[in-house]
Structures are given as structure tokens and as C-alpha cells.
Amino acid sequence: MAKLGIHRDFLMEFAALEKHVQKRVFEVFEKFAAATHAGLHLEKLTRQRDPRLRTIRITDFWRGVVLKPEEGDGYLLLKVLPHDKANHWAERHRASVNAASQGIEIRNDVGLERATSELRAVTRQDATRLFPEATYPDKVLRSLGVDVEIIPIVRLIPDETHLEALHRVLPEQQYDVLLGLATGMSPEEVDREVVQVYAAAAARDTTTAAADPLASAMAHARGRVALVSGTDELREILDRPFDAWRVFLHPSQYRIAYQESYRGSAQVTGGPGTGKTVVALHRALHLARRLPADAPDGSILLTTYTRALAAELDRSLGLLIPDDRLRAKIVVINVDALAYDIVRSRQGGGPVKLVTDQKEITARWARIARRLGLEFADVFLDQEWRHVILAQDLRTPEAYLKASRPGRGTALPPVRRLQAWRAIEAFEQQLRQSGERTFLQICAEAANLLAEQDEPRFRHVIVDEAQDLHPAQWRFLRALVPEGRDDLFIAGDSHQRIYGNKVSLRSLGIAVTGRSHRLRINYRTTHEILAWSSALLTGTPVDSADSDSSLAGYRSTLHGRRPAYVHHVSRTDEIAAAVARITEWTAAGVAPEDIAVAARFIQLGRDLGNALERAGHATHILGNSAPGPGVRIATMHRMKGLEFRCVAVLGVSEGMLPMRAAITPVDVDPQQHQEDINTELSLLFVACTRAREDLLVSCHGVPSPFLAPVAGDRQGPTE
Ligand SMILES: Nc1ncnc2c1ncn2[C@@H]1O[C@H](COP(=O)(O)OP(=O)(O)OP(=O)(O)O)[C@@H](O)[C@H]1O
């Protein structure tokens with residue numbers, strides 16, 4: 001049977017085609033997959049650089065570009081474009097094999113020639129160079145797979161901005177190598193982090209050794225080429241072209257997800273949109289495939305912080321694993337819900353009474369402090385309970401007296417500790433008497449139950465959005481799986497911590513040293529949105545951050561409009577302007593479900609929703625139920641883990657963000673005060689980085705201090 005490969009670009013272009021054209025594409029390429037390619041008419045072009053590139057008719061208007069290596073019966077589907085563009089593309093490009101990784105590379109020869117002469121014209125002889133020969137001799141570059149044709153252009157590049165401009169024409173792996181060097185990695189690091197990663201991902205796919213390097217290299221390009229085993233698989237891939245993440249993992253993602261086995265717990269970190277969730281899903285698939293034949297259903301747990309995120313993981317897992325039998329090996333449920341189920345079944349299945357209202361909890365602390373005549377602020381006691389007592393599972397006053405209190409900003413001498421302990425005892429006793437528990441107590445209780453039973457529930461546990469979990473939740477997770485190979489796989493990003501839980505995994509018996517990997521390529525957000533949002537976090541004005549595509553090591557391959565930051569005099573003006581912008585988005589063809597509005601308080605979202613409805617837009621407030629049609633409206637917290645083509649973040653005004661009530665007064669605990677501010681800032685960062693293509697951030701009255709780093713961008717009246 002013919003070997004058929006699909007290039008990632010092909011799938012992207014296919015996704016944008018009308019349905020009837022997609023159908024034709026499938027019919028044409030089905031013949032390759034079914035090995036009936038004999039009758040296919042592959043056309044050669046007259047002026048092409050690479051005779052192995054052919055085009056094929058799809059309709060009168062559309063043509064495909066196919067790479068046909070000279071040897072073997074492999075075909076690689078590279079592009080699907082309008083007739084003239086397809087020919088033009090095929091004339092300008094060439095396939096080659098990377099000397100260092102043996103992976104296939106598609107290069108734009110004409111683009112490279114043009115870029116070389118442009119660079120010669122704009123850069124003076126004596127200008128500084130990013131890759132001077134004295135620092136990076138040819139030999140070093142060649143050993144990293146930068147080939148002799150590319151080296152002359154590399155020598156001309158003056159700075160990172162120009163390097164980034166070459167992204168479209170340079171072969172991808174060579175670009176990644178150069179970017180690594182430009183961002184300060186040593187050649188040895190680049191070899192380890194880039195070249196070996198590409199090479200390792202490629203090596204696994206080697207099925208046959210062919211004499212023609214290109215024929216075997218076709219199988220050596222994971223992340224860009226997917227090999228198809230037959231018509232069914234072709235259909236399976238083409239049926240969901242938007243979900244390219246199922247098929248094309250970047251080598252750096254693949255290496256983490258499909259590492260055969262880790263000696264213990266492993267971790268994947270990375271900025272927003274780098275594919276941590278994608279990697280966690282693929283890890284689940286990998287571990288499910290590796291289970292022994294007699295492993296029962298539900299042997300693997302895939303879990304996360306909230307119920308809504310778990311529902312999203314469940315949906316994605318269904319897309320990744322169509323095989324029901326394999327899918328059944330994995331349970332998807334959020335941490336609290338699983339702990340609740342365990343405690344509940346221990347109680348004989350009856351409901352467990354929960355206290356979840358934070359206001360009510362704080363009021364109880366206040367009453368207790370008053371009753372006992374203790375001079376503690378209600379929030380102080382609540383935080384002491386959560387961040388010290390529950391975090392360290394302290395059960396006696398003696399243990400509390402001895403405990404260190406990391407993260408707490410006020411000293412508590414023994415007398416004061418004993419006073420605090422009295423309040424804590426009274427609080428817990430009150431809960432016991434009314435038969436109530438908080439979710440953290442449920443997790444602690446579930447962990448204890450599991451320890452008593454000494455019977456771990458799962459073989460493997462995979463945790464997404466891990467940065468938000470509390471130590472009590474970690475202890476529960478630890479107890480769910482026996483310590484050993486591939487026990488816990490943890491995905492998270494500390495910059496997106498929005499629930500104020502800071503954890504030392506090691507102190508909880510979870511060691512990931514030597515098994516922690518960082519992802520750096522953002523697949524979701526444009527460079528402009530990422531740069532702008534990162535400026536908020538780092539406090540570096542956006543213009544100085546902008547020229548640096550690495551942004552503390554992260555980069556985005558996508559480009560688009562710079563985010564709009566608009567300041568309004570009144571709330572009414574702000575709402576009217578947001579309605580106008582959302583109307584523009586829908587008029588430009590963005591589906592309402594691909595637009596989201598985020599606000600710190602849902603009331604502002606509701607008011608905007610009403611204004612949108614009056615303007616004729618359907619809206620839907622995101623909650624726990626399955627979403628209906630319309631523009632999505634949500635709190636910033638609810639935006640976590642989601643993504644949309646266009647996002648409007650509203651009400652970024654002083655007093656609203658940071659939200660006053662969420663900030664511990666500085667005199668109660670200065671350290672907690674700062675932590676709370678950081679958490680609110682992360683919340684804004686999370687909301688902004690949900691946008692794939694366009695971002696609007698607005699405020700009314702006095703802007704939030706968080707917007708200071710982007711003040712130069714502000715549109716609208718100044719105070
Ligand atoms: N290899 C890939 N190919 C195509 N798309 C990808 C790939 N990896 C990730 N994506 C896409 O990028 C987007 C972000 O991925 P994902 O949600 O896994 O990132 P994340 O790191 O978990 O993000 P966040 O931390 O912001 O929630 C998704 O749309 C995902 O489908």
C-alpha cells in the first residue's frame with residue numbers, strides 16, 4: 001500500500017475550505033490511501049526548483065501540492081491552494097533532509113534568496129550581527145543542522161526582529177535552532193533542547209530504512225507530518241481539521257507526552273497556550289495504551305481544579321481517543337468532586353453537607369473571634385486555617401506551635417498561636433456539630449480514608465492546571481496512586497495561579513527533579529497579544545518587550561492586531577463601546593460562540609449582556625451547565641483554560657481590579673497582601689491570554705494600576 005503523509009499546513013488549509021471542496025479533497029486523496037494511485041494524474045511544472053513536487057487537480061479552482069520522493073511509494077500532501085497559487089508555491093519550494101535530525105524540511109528557496117538580498121541592502125557592512133562567525137563558527141552551526149545554503153543568510157541577520165521576520169522562509173527546525181542561540185542558549189543546550197528533540201521524535205517513526213533519504217525522512221517529521229495508515233485514518237484526520245493538536249505534536253510536546261516511562265512523577269510547565277493541556281491529554285492516551293491487558297476500566301485518572309475544566313478535558317479526550325474501550329480506561333473528574341464521591345460513599349452514599357460560601361465562612365470566623373474575645377481579623381484566622389493548619393494537616397496545638405508558617409507575613413509568638421488555635425478549634429467544632437465540611441476538609445478526609453484502606457485507586461494520575469491546587473488536594477492526589485514509575489504527571493503554569501495556593505510539591509512527597517519540562521511555543525495567542533499580556537505581568541512597558549519575541553523564553557508563531565486598550569469616562573460608555581466592538585467582530589464573520597467577554601464581577605458582564613441582547617446579539621453566561629448559543633460572558637475565573645477567537649476584558653478599573661474585597665489589608669499580613677495582588681494580576685493575565693486573534697481591554701473611571709505598563713497604548717480621554 002502507498003504510504004501517505006499529511007503535512008500540518010495541508011490540514012490548516014483544508015480546514016478553511018468549503019464543505020464541498022473538502023469532500024473533493026477527500027475523494028482525491030482517498031485514492032492514495034487506498035493504494036489505487038495508479039490512475040492519479042500528478043502534474044509536473046516547467047520551472048520548478050524541486051522535480052519531486054507535483055500538483056494534482058481537485059476542482060477547476062483548487063489544486064493540491066504533493067511531494068513524491070523518487071524512491072518508494074510514499075506521497076506527502078503539502079498544500080491545497082487555488083490553482084495559480086498552488087503552481088506558484090510548488091515552483092518556489094524545495095524539500096530537503098535536515099543533516100542533524102534526518103527530518104524532512106520544506107524550504108522556500110525564492111523567499112530565502114529575496115530575504116538575503118534585502119538583508120544585504122538594509123544592513124551596513126559594519127553593523128552588529130546576531131550570529132558572528134567568531135562566536136558561531138560554520139562547524140558549530142552545521143552540527144546543529146543549519147546547512148551551507150542557510151549559513152550565508154544567517155551571517156547577515158542583525159537582530160532578533162529580523163530573525164523573526166525570516167520565520168516564514170527558513171526551514172522550521174533551523175529557525176528553532178537559531179532562535180535558541182539568539183535567546184542565549186549555548187550550542188550544547190540547543191543541541192539537547194532542539195536538535196535531539198527533533199531527532200528523537202523522528203526516530204520513533206522509522207518503519208523502513210530507504211536508500212532515498214527523502215523517502216525515509218518523510219516519516220521523520222513528527223509535528224509537521226502525520227503518516228496515515230489507510231482511508232479510515234485519513235477520514236478521521238480530515239473530519240476534524242481544526243483539532244490539529246490530535247495529530248501534530250511539536251517535537252518538544254511529543255517528547256514529554258510520549259516518553260516511554262518516567263521513573264517517578266513528571267511535570268510539564270510553560271506559558272499560556274503552549275499546549276500543556278494537549279500534552280496531558282496525549283500522556284493519558286500513551287499511558288492507556290501501555291496498560292496491561294487485564295487493567296480494569298478507570299485505571300487512569302485525568303483531573304483538574306474545577307468542574308468546568310474537567311468537562312472540557314472530557315470532551316477533548318473523546319476527540320483524541322475515539323476507541324471507546326481505550327477511552328474507558330481513563331476517568332475524568334475534578335479533584336474536589338472525586339474526593340466528595342469517596343467521602344460520600346464512605347458515609348453510605350448520603351449527601352455530605354458542604355459550606356462553600358466564602359462570605360459565610362469569614363463571618364463565622366468573625367463571630368468566633370468576638371465570642372472568645374480574641375484580637376484577630378476574620379480574614380487572618382481564615383487564612384491561617386487554610387494556609388497553615390489545613391496545608392500542613394496540623395491536628396494538635398503542639399504541632400501548630402512547632403510548625404513553620406511559610407508564606408505568612410506576620411510573626412505569631414507562642415501565646416498568640418495558642419489563641420489562634422482556640423479560634424480554630426472552635427471553628428472546626430462548629431462545623432462538626434452541624435455536620436458540615438469545606439471542600440478542603442473533604443480532600444483531607446478522603447486522603448486519610450485512602451491511607452487507612454492502603455489501596456490506591458489508580459495506576460496513573462494526570463493533573464492539569466496544577467498551579468491552583470491546595471496542599472490538602474495534593475495529599476489526596478498523592479494517596480490515589482502508589483508511588484513509583486509514572487505515578488503523577490503534572491501540567492501547570494505558576495503565572496496563571498488564580499486561587500492563591502502556593503505549594504512545595506517536594507514537601508508533599510512529590511519529586512519531579514530531573515523530570516520537569518518546559519514548553520515555549522505558544523499555539524493559541526498572537527505574538528502581539530502575548531507580548532502585551534506579558535508586559536502586564538512583568539511590568540515592562542510593551543514597546544521594550546515587543547521587539548523581543550522570546551518574552552522570557554516564550555514565543556508565538558502567530559501574528560495579528562495589537563490589543564486595544566480603551567479608557568472611558570463612564571461605565572455606560574464602556575459598555576456601548578464593547579457592544580460596538582463585538583458587533584464589528586461578528587460582522588467580520590466571527591461566530592458569536594468564538595467571542596468572549598470577561599469581567600471581574602459578573603454583574604458588569606450581565607449588564608453588557610443585556611446591552612448586547614438589545615443590539616440583537618445572543619449571549620450566554622458561562623456557568624456549570626452546557627453552554628447555549630451566543631457570545632460567551634464569564635467571570636475572569638471562569639475563563640481559565642478556555643480560548644476564543646476574540647476576547648473583551650471589561651472593567652479593568654481601580655477598585656475593581658484588584659478587587660478590594662479580595663485583598664488582605666496590609667496591616668493584617670503584608671506578605672498575604674502582596675500575594676493577593678499578584679493573584680489578581682494573574683487573573684487579568686489569564687483573561688487576556690484566552691484571546692486567539694483579537695483582544696480588547698477597557699476600563700472606566702480611573703484605570704487599574706495593573707494597566708500602568710501599557711499606559712502608552714491607552715486610547716480615549718485622559719484624566
Ligand atoms: N501541536 C499542536 N498543534 C496544533 N495546535 C496545538 C498544538 N498544541 C497546542 N495547540 C493548540 O493551542 C491551544 C492551547 O493549547 P493548550 O490549551 O493545551 O495550552 P495550555 O498550555 O494548556 O494553555 P493555558 O495554560 O493557557 O490554559 C489549543 O487551541 C490547542 O489545541
# chains A, B, ... in the order shown; residues from 1 in each chain; ligands from 1
call {"tool": "residues_around", "arguments": {"residues": "A:Val28", "least_positions_apart": "4", "cutoff": "9 Å", "atoms": "only C-alpha atoms", "output": "count of residues only"}}
result
7
call {"tool": "residues_near_ligand", "arguments": {"ligand": "ligand 1", "cutoff": "6 Å", "atoms": "only C-alpha atoms and all ligand atoms", "output": "MDAnalysis selection string"}}
result
chainID A and resid 244:245 248:250 272:278 523:524 641
call {"tool": "select_by_dssp", "arguments": {"residues": "stretch 458-587 of chain A", "states": "helix (DSSP H, G or I)", "output": "JSON, numbers by chain"}}
result
{"A": [466, 467, 468, 471, 472, 473, 474, 475, 476, 477, 478, 479, 480, 494, 495, 496, 506, 507, 508, 527, 528, 529, 530, 531, 532, 533, 534, 535, 536, 537, 538, 542, 543, 544, 545, 546, 571, 572, 573, 574, 575, 576, 577, 578, 579, 580, 581, 582, 583, 584, 585, 586, 587]}
call {"tool": "residues_around", "arguments": {"residues": "A:Leu141", "least_positions_apart": "5", "cutoff": "12 Å", "atoms": "only C-alpha atoms", "output": "PDB file with N, CA and C atoms, in the first residue's frame"}}
result
ATOM      1  N   ALA A  99      20.352  17.655   8.149  1.00  0.00           N
ATOM      2  CA  ALA A  99      21.533  16.819   8.373  1.00  0.00           C
ATOM      3  C   ALA A  99      21.634  16.353   9.821  1.00  0.00           C
ATOM      4  N   ALA A 100      21.159  17.150  10.742  1.00  0.00           N
ATOM      5  CA  ALA A 100      21.325  16.776  12.152  1.00  0.00           C
ATOM      6  C   ALA A 100      20.224  15.853  12.648  1.00  0.00           C
ATOM      7  N   PHE A 131      24.653  36.508  14.691  1.00  0.00           N
ATOM      8  CA  PHE A 131      25.401  35.241  14.699  1.00  0.00           C
ATOM      9  C   PHE A 131      26.781  35.424  14.066  1.00  0.00           C
ATOM     10  N   PRO A 132      27.684  36.178  14.721  1.00  0.00           N
ATOM     11  CA  PRO A 132      29.006  36.382  14.111  1.00  0.00           C
ATOM     12  C   PRO A 132      29.792  35.073  14.050  1.00  0.00           C
ATOM     13  N   GLU A 133      30.607  34.969  13.030  1.00  0.00           N
ATOM     14  CA  GLU A 133      31.333  33.718  12.813  1.00  0.00           C
ATOM     15  C   GLU A 133      32.270  33.399  13.989  1.00  0.00           C
ATOM     16  N   ALA A 134      32.811  34.476  14.604  1.00  0.00           N
ATOM     17  CA  ALA A 134      33.745  34.244  15.715  1.00  0.00           C
ATOM     18  C   ALA A 134      33.046  33.507  16.864  1.00  0.00           C
ATOM     19  N   THR A 135      31.756  33.813  17.075  1.00  0.00           N
ATOM     20  CA  THR A 135      31.025  33.157  18.169  1.00  0.00           C
ATOM     21  C   THR A 135      30.408  31.838  17.713  1.00  0.00           C
ATOM     22  N   TYR A 136      29.914  31.845  16.478  1.00  0.00           N
ATOM     23  CA  TYR A 136      29.247  30.637  15.964  1.00  0.00           C
ATOM     24  C   TYR A 136      29.917  30.193  14.666  1.00  0.00           C
ATOM     25  N   VAL A 146      22.089  23.550  10.693  1.00  0.00           N
ATOM     26  CA  VAL A 146      21.933  24.738   9.834  1.00  0.00           C
ATOM     27  C   VAL A 146      22.812  24.463   8.613  1.00  0.00           C
ATOM     28  N   ASP A 147      22.221  24.419   7.430  1.00  0.00           N
ATOM     29  CA  ASP A 147      23.000  23.921   6.301  1.00  0.00           C
ATOM     30  C   ASP A 147      23.749  25.020   5.556  1.00  0.00           C
ATOM     31  N   VAL A 148      24.614  24.588   4.662  1.00  0.00           N
ATOM     32  CA  VAL A 148      25.511  25.537   3.986  1.00  0.00           C
ATOM     33  C   VAL A 148      24.757  26.589   3.176  1.00  0.00           C
ATOM     34  N   GLU A 149      23.548  26.255   2.733  1.00  0.00           N
ATOM     35  CA  GLU A 149      22.807  27.259   1.968  1.00  0.00           C
ATOM     36  C   GLU A 149      22.220  28.324   2.884  1.00  0.00           C
ATOM     37  N   ILE A 150      21.954  27.949   4.098  1.00  0.00           N
ATOM     38  CA  ILE A 150      21.320  28.887   5.027  1.00  0.00           C
ATOM     39  C   ILE A 150      22.365  29.753   5.740  1.00  0.00           C
ATOM     40  N   ILE A 151      23.568  29.212   5.936  1.00  0.00           N
ATOM     41  CA  ILE A 151      24.572  29.932   6.737  1.00  0.00           C
ATOM     42  C   ILE A 151      24.836  31.361   6.215  1.00  0.00           C
ATOM     43  N   PRO A 152      24.969  31.583   4.892  1.00  0.00           N
ATOM     44  CA  PRO A 152      25.232  32.968   4.450  1.00  0.00           C
ATOM     45  C   PRO A 152      24.157  33.958   4.904  1.00  0.00           C
ATOM     46  N   VAL A 154      22.264  33.626   7.529  1.00  0.00           N
ATOM     47  CA  VAL A 154      22.358  33.711   8.992  1.00  0.00           C
ATOM     48  C   VAL A 154      23.382  34.766   9.393  1.00  0.00           C
ATOM     49  N   ARG A 155      24.474  34.827   8.634  1.00  0.00           N
ATOM     50  CA  ARG A 155      25.534  35.791   8.962  1.00  0.00           C
ATOM     51  C   ARG A 155      25.070  37.231   8.812  1.00  0.00           C
ATOM     52  N   GLN A 174      15.577  24.661  11.569  1.00  0.00           N
ATOM     53  CA  GLN A 174      16.733  25.555  11.552  1.00  0.00           C
ATOM     54  C   GLN A 174      16.370  26.878  12.219  1.00  0.00           C
ATOM     55  N   TYR A 175      15.142  27.305  12.020  1.00  0.00           N
ATOM     56  CA  TYR A 175      14.690  28.518  12.694  1.00  0.00           C
ATOM     57  C   TYR A 175      14.720  28.315  14.211  1.00  0.00           C
ATOM     58  N   VAL A 177      16.545  26.327  15.942  1.00  0.00           N
ATOM     59  CA  VAL A 177      17.943  26.296  16.391  1.00  0.00           C
ATOM     60  C   VAL A 177      18.464  27.726  16.552  1.00  0.00           C
ATOM     61  N   LEU A 178      18.220  28.560  15.524  1.00  0.00           N
ATOM     62  CA  LEU A 178      18.736  29.930  15.558  1.00  0.00           C
ATOM     63  C   LEU A 178      18.076  30.733  16.670  1.00  0.00           C
ATOM     64  N   GLY A 180      16.945  29.579  19.447  1.00  0.00           N
ATOM     65  CA  GLY A 180      17.534  29.115  20.707  1.00  0.00           C
ATOM     66  C   GLY A 180      18.860  29.827  20.972  1.00  0.00           C
ATOM     67  N   LEU A 181      19.720  29.893  19.946  1.00  0.00           N
ATOM     68  CA  LEU A 181      21.016  30.563  20.111  1.00  0.00           C
ATOM     69  C   LEU A 181      20.798  32.050  20.401  1.00  0.00           C
ATOM     70  N   SER A 186      23.324  27.998  24.866  1.00  0.00           N
ATOM     71  CA  SER A 186      24.619  27.619  24.301  1.00  0.00           C
ATOM     72  C   SER A 186      24.370  26.585  23.197  1.00  0.00           C
ATOM     73  N   PRO A 187      25.353  26.390  22.274  1.00  0.00           N
ATOM     74  CA  PRO A 187      25.154  25.370  21.233  1.00  0.00           C
ATOM     75  C   PRO A 187      24.847  24.001  21.839  1.00  0.00           C
ATOM     76  N   GLU A 188      25.461  23.698  22.975  1.00  0.00           N
ATOM     77  CA  GLU A 188      25.194  22.389  23.607  1.00  0.00           C
ATOM     78  C   GLU A 188      23.738  22.306  24.058  1.00  0.00           C
ATOM     79  N   VAL A 190      21.232  24.008  22.798  1.00  0.00           N
ATOM     80  CA  VAL A 190      20.375  23.934  21.609  1.00  0.00           C
ATOM     81  C   VAL A 190      20.378  22.505  21.066  1.00  0.00           C
ATOM     82  N   ASP A 191      21.561  21.898  21.091  1.00  0.00           N
ATOM     83  CA  ASP A 191      21.636  20.519  20.606  1.00  0.00           C
ATOM     84  C   ASP A 191      20.717  19.623  21.437  1.00  0.00           C
ATOM     85  N   VAL A 195      17.733  20.058  18.707  1.00  0.00           N
ATOM     86  CA  VAL A 195      18.121  19.074  17.692  1.00  0.00           C
ATOM     87  C   VAL A 195      17.775  17.657  18.140  1.00  0.00           C
TER      88      VAL A 195
END
call {"tool": "residues_around", "arguments": {"residues": "A:Cys443", "least_positions_apart": "5", "cutoff": "9 Å", "atoms": "only C-alpha atoms", "output": "ChimeraX atom specification"}}
result
/A:335-336,338-340,343,438,448,472-477
call {"tool": "closest_residue", "arguments": {"among": "A:Val668, A:Ala444, A:Val569, A:Val279", "to": "A:Arg408", "atoms": "only C-alpha atoms"}}
result
A:Val668
call {"tool": "residues_around", "arguments": {"residues": "A:Ala451", "least_positions_apart": "4", "cutoff": "10 Å", "atoms": "only C-alpha atoms", "output": "list in words"}}
result
Glu445, Ala446, Ala447, Glu455, Pro456, Phe476, Arg478, Ala479 and Leu480 of chain A
call {"tool": "residues_around", "arguments": {"residues": "stretch 11-16 of chain A", "least_positions_apart": "3", "cutoff": "8 Å", "atoms": "only C-alpha atoms", "output": "PDB file with C-alpha atoms, in the first residue's frame"}}
result
ATOM      1  CA  ILE A   6      -0.255  14.735   5.628  1.00  0.00           C
ATOM      2  CA  HIS A   7       1.649  17.922   6.283  1.00  0.00           C
ATOM      3  CA  ARG A   8       0.336  20.204   9.037  1.00  0.00           C
ATOM      4  CA  GLN A  22     -13.298  19.344   1.368  1.00  0.00           C
ATOM      5  CA  LYS A  79      -0.695  22.179   0.323  1.00  0.00           C
ATOM      6  CA  VAL A  80      -4.141  22.763  -1.022  1.00  0.00           C
ATOM      7  CA  LEU A  81      -4.432  26.132  -2.730  1.00  0.00           C
ATOM      8  CA  LEU A 238      -9.772  15.250   7.771  1.00  0.00           C
ATOM      9  CA  PRO A 241      -9.213  19.634  10.697  1.00  0.00           C
ATOM     10  CA  PHE A 242      -9.440  22.274  13.434  1.00  0.00           C
ATOM     11  CA  ALA A 244      -4.694  19.576  14.629  1.00  0.00           C
TER      12      ALA A 244
END
call {"tool": "atom_distance", "arguments": {"atom1": "atom CA of A:Gln603", "atom2": "atom CA of A:His567"}}
result
19.4 Å
call {"tool": "closest_residue", "arguments": {"among": "A:Pro709, A:Gly409, A:Pro51, A:Gly264", "to": "A:Pro665", "atoms": "only C-alpha atoms"}}
result
A:Gly409
call {"tool": "atom_distance", "arguments": {"atom1": "atom CA of A:Ala661", "atom2": "atom CA of A:Tyr565"}}
result
25.1 Å
call {"tool": "residues_around", "arguments": {"residues": "A:Leu374", "least_positions_apart": "2", "cutoff": "12 Å", "atoms": "only C-alpha atoms", "output": "list in words"}}
result
Trp365, Ala366, Arg367, Ile368, Ala369, Arg370, Arg371, Leu372, Phe376, Ala377, Asp378, Phe380, Leu381, Val415, Arg416, Arg417, Leu418, Gln419, Ala420, Trp421, Arg422, Ala423 and Ile424 of chain A
call {"tool": "closest_residue", "arguments": {"among": "A:Thr356, A:Gln48, A:Gln267, A:Ser533", "to": "A:Glu465", "atoms": "only C-alpha atoms"}}
result
A:Gln267
call {"tool": "atom_distance", "arguments": {"atom1": "atom CA of A:Ala611", "atom2": "atom CA of A:Ala591"}}
result
18.2 Å
